[in-house]
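Q: Quick one: the structure is below, questions incoming.
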Amino acid sequence: MPKRNIVSDRLPKPSGHFAQATMVEAKGRLVFISGMLAKGPDGRMVGPGDIEAQTRQVCENLKSAVEAAGGTLDDICRVDVYIRNMEHFPEIHKVRREYFTGEAPASTMVEVSKFTTPDALIEINAIAVLA
């Protein structure tokens, strides 16, 4: 289902790879993707200590989840990103640009103190709208 970024000159430009707001027609199927850590199919943490490797694995996991529902990363309209260190912001958005190549999703990013897995540096959940 096509999505469209909403841009207002009354809002500041995004500081990373995300939209101020995203609009999607209110028909279709909603897919709510649970928070994904940087765990590979074997359940092991990928890239301990490496935010780019972990972000790449999280994006691969999001891609796998949305594809299993019959969609693509372009169908993801919103992501919530939880990170251990806000200093990783540039590296995270560098990787996000590789995966979200169309209209960027709306996004919130917050720094947290702990995850369910001690080696985790990032977790992302998502909402997608499929035709």
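Residue numbering restarts at 1 for every chain of the structure tokens, chains are lettered A, B, ... in their displayed order, and ligands are numbered from 1 as they appear.
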So that I can see what lies close to Phe89 of chain A, please list as a PyMOL selection string the residues with an atom at most 9 Å from it, counting only C-alpha atoms and leaving out residues fewer than 6 positions away in the same chain.
A: chain A and resi 16+83+109
Q: Hey, what does DSSP flag as strand (DSSP E) within chain A? Can you give it to me as a ChimeraX atom specification?
A: /A:3-6,21-24,29-36,76-83,106-111,122-130
Q: Please produce an output containing C-alpha atoms for each residue in the selection, written as an mmCIF file, in the first residue's frame.
A:
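Saved result, again-v4.cif, follows:
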data_model
loop_
_atom_site.group_PDB
_atom_site.id
_atom_site.type_symbol
_atom_site.label_atom_id
_atom_site.label_comp_id
_atom_site.auth_asym_id
_atom_site.auth_seq_id
_atom_site.Cartn_x
_atom_site.Cartn_y
_atom_site.Cartn_z
ATOM 1 C CA LYS A 3 2.566 5.648 1.731
ATOM 2 C CA ARG A 4 3.400 9.310 1.545
ATOM 3 C CA ASN A 5 5.594 11.410 3.755
ATOM 4 C CA ILE A 6 3.984 14.531 5.139
ATOM 5 C CA ALA A 21 4.761 12.099 9.516
ATOM 6 C CA THR A 22 3.575 9.328 7.201
ATOM 7 C CA MET A 23 0.158 9.030 5.586
ATOM 8 C CA VAL A 24 -1.374 5.749 4.418
ATOM 9 C CA ARG A 29 -3.903 -5.035 6.637
ATOM 10 C CA LEU A 30 -1.985 -3.717 9.612
ATOM 11 C CA VAL A 31 1.101 -5.659 10.667
ATOM 12 C CA PHE A 32 2.501 -4.977 14.138
ATOM 13 C CA ILE A 33 6.074 -6.250 14.349
ATOM 14 C CA SER A 34 7.400 -6.892 17.839
ATOM 15 C CA GLY A 35 10.698 -5.457 18.983
ATOM 16 C CA MET A 36 13.530 -7.104 17.092
ATOM 17 C CA ILE A 76 6.627 -0.105 7.088
ATOM 18 C CA CYS A 77 5.127 3.226 8.126
ATOM 19 C CA ARG A 78 6.418 3.597 11.678
ATOM 20 C CA VAL A 79 9.332 2.356 13.740
ATOM 21 C CA ASP A 80 10.206 2.789 17.397
ATOM 22 C CA VAL A 81 13.940 2.505 17.981
ATOM 23 C CA TYR A 82 15.454 1.786 21.386
ATOM 24 C CA ILE A 83 19.209 2.174 21.733
ATOM 25 C CA ALA A 106 7.870 7.926 10.878
ATOM 26 C CA SER A 107 10.157 7.187 13.804
ATOM 27 C CA THR A 108 10.892 7.691 17.462
ATOM 28 C CA MET A 109 14.301 6.923 18.976
ATOM 29 C CA VAL A 110 15.014 6.737 22.688
ATOM 30 C CA GLU A 111 18.012 5.713 24.768
ATOM 31 C CA ILE A 122 19.455 -1.709 19.605
ATOM 32 C CA GLU A 123 15.860 -2.930 19.332
ATOM 33 C CA ILE A 124 13.272 -1.825 16.774
ATOM 34 C CA ASN A 125 9.552 -2.522 16.522
ATOM 35 C CA ALA A 126 7.481 -1.540 13.498
ATOM 36 C CA ILE A 127 4.019 -1.044 12.045
ATOM 37 C CA ALA A 128 3.361 -1.858 8.397
ATOM 38 C CA VAL A 129 0.273 -1.372 6.237
ATOM 39 C CA LEU A 130 -0.218 -3.925 3.446
#
Q: Would you please give, as a PyMOL selection string, all residues of segment 4-55 of chain A that DSSP assigns to helix (DSSP H, G or I) based on the backbone?
A: chain A and resi 51-55
Q: Could you write out that same residue set with N, CA and C atoms as a short mmCIF file (atom, residue, chain, number, x, y, z; two decimals), in the first residue's frame?
A:
data_model
loop_
_atom_site.label_atom_id
_atom_site.label_comp_id
_atom_site.auth_asym_id
_atom_site.auth_seq_id
_atom_site.Cartn_x
_atom_site.Cartn_y
_atom_site.Cartn_z
N ILE A 51 27.50 -1.49 16.59
CA ILE A 51 26.17 -0.96 16.36
C ILE A 51 25.73 -1.09 14.90
N GLU A 52 26.66 -0.95 13.94
CA GLU A 52 26.26 -1.09 12.54
C GLU A 52 25.85 -2.53 12.23
N ALA A 53 26.61 -3.49 12.71
CA ALA A 53 26.27 -4.90 12.48
C ALA A 53 24.94 -5.24 13.14
N GLN A 54 24.73 -4.74 14.35
CA GLN A 54 23.47 -5.03 15.04
C GLN A 54 22.29 -4.35 14.35
N THR A 55 22.47 -3.12 13.91
CA THR A 55 21.39 -2.42 13.22
C THR A 55 21.05 -3.15 11.92
#
Q: What gap, in Å, lies between atom CA of Asp50 of chain A and atom CA of Gly102 of chain A?
A: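 These atoms are spaced 25.8 Å apart.
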Q: Find, counting only C-alpha atoms, the residue in A:Ser64, A:His17, A:Gly71, A:Leu121 that gets nearest to Glu98 of chain A.
A: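 Between A:Ser64, A:His17, A:Gly71, A:Leu121, the residue approaching Glu98 of chain A most closely is A:His17.
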Q: When distances are computed from only C-alpha atoms, which of A:Glu60, A:Asp42, A:Asp119, A:Asp75 shows the smallest separation from Val95 of chain A?
A: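 Residue with the minimum atom-to-atom distance to Val95 of chain A: A:Glu60.
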Q: Which value, in Å to one decimal, gives the distance between atom CA of Gly40 of chain A and atom CA of Ala104 of chain A?
A: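 Atom CA of Ala104 of chain A lies at a distance of 24.5 Å from atom CA of Gly40 of chain A.
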Q: In Å, how far is it from atom CA of Arg44 of chain A to atom CA of Tyr99 of chain A?
A: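 Atom CA of Arg44 of chain A sits 21.9 Å away from atom CA of Tyr99 of chain A.
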Q: For Pro118 of chain A, find every residue with an atom within 10 Å (counting only C-alpha atoms), except residues of its own chain fewer than 3 positions away, and show them as an mmCIF file with N, CA and C atoms, in the first residue's frame.
A:
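Here's the written file out.cif:
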data_model
loop_
_atom_site.group_PDB
_atom_site.id
_atom_site.type_symbol
_atom_site.label_atom_id
_atom_site.label_comp_id
_atom_site.auth_asym_id
_atom_site.auth_seq_id
_atom_site.Cartn_x
_atom_site.Cartn_y
_atom_site.Cartn_z
ATOM 1 N N MET A 45 23.229 -13.575 19.310
ATOM 2 C CA MET A 45 23.407 -12.150 19.063
ATOM 3 C C MET A 45 24.459 -11.950 17.981
ATOM 4 N N PRO A 48 28.261 -8.393 18.604
ATOM 5 C CA PRO A 48 28.397 -7.796 19.933
ATOM 6 C C PRO A 48 29.357 -6.598 19.903
ATOM 7 N N LYS A 114 18.776 -0.830 29.561
ATOM 8 C CA LYS A 114 18.947 -2.281 29.472
ATOM 9 C C LYS A 114 17.989 -2.874 28.451
ATOM 10 N N PHE A 115 18.389 -4.044 27.929
ATOM 11 C CA PHE A 115 17.537 -4.877 27.093
ATOM 12 C C PHE A 115 17.435 -6.248 27.740
ATOM 13 N N LEU A 121 22.476 -3.758 21.627
ATOM 14 C CA LEU A 121 22.687 -2.317 21.558
ATOM 15 C C LEU A 121 21.481 -1.591 20.977
#
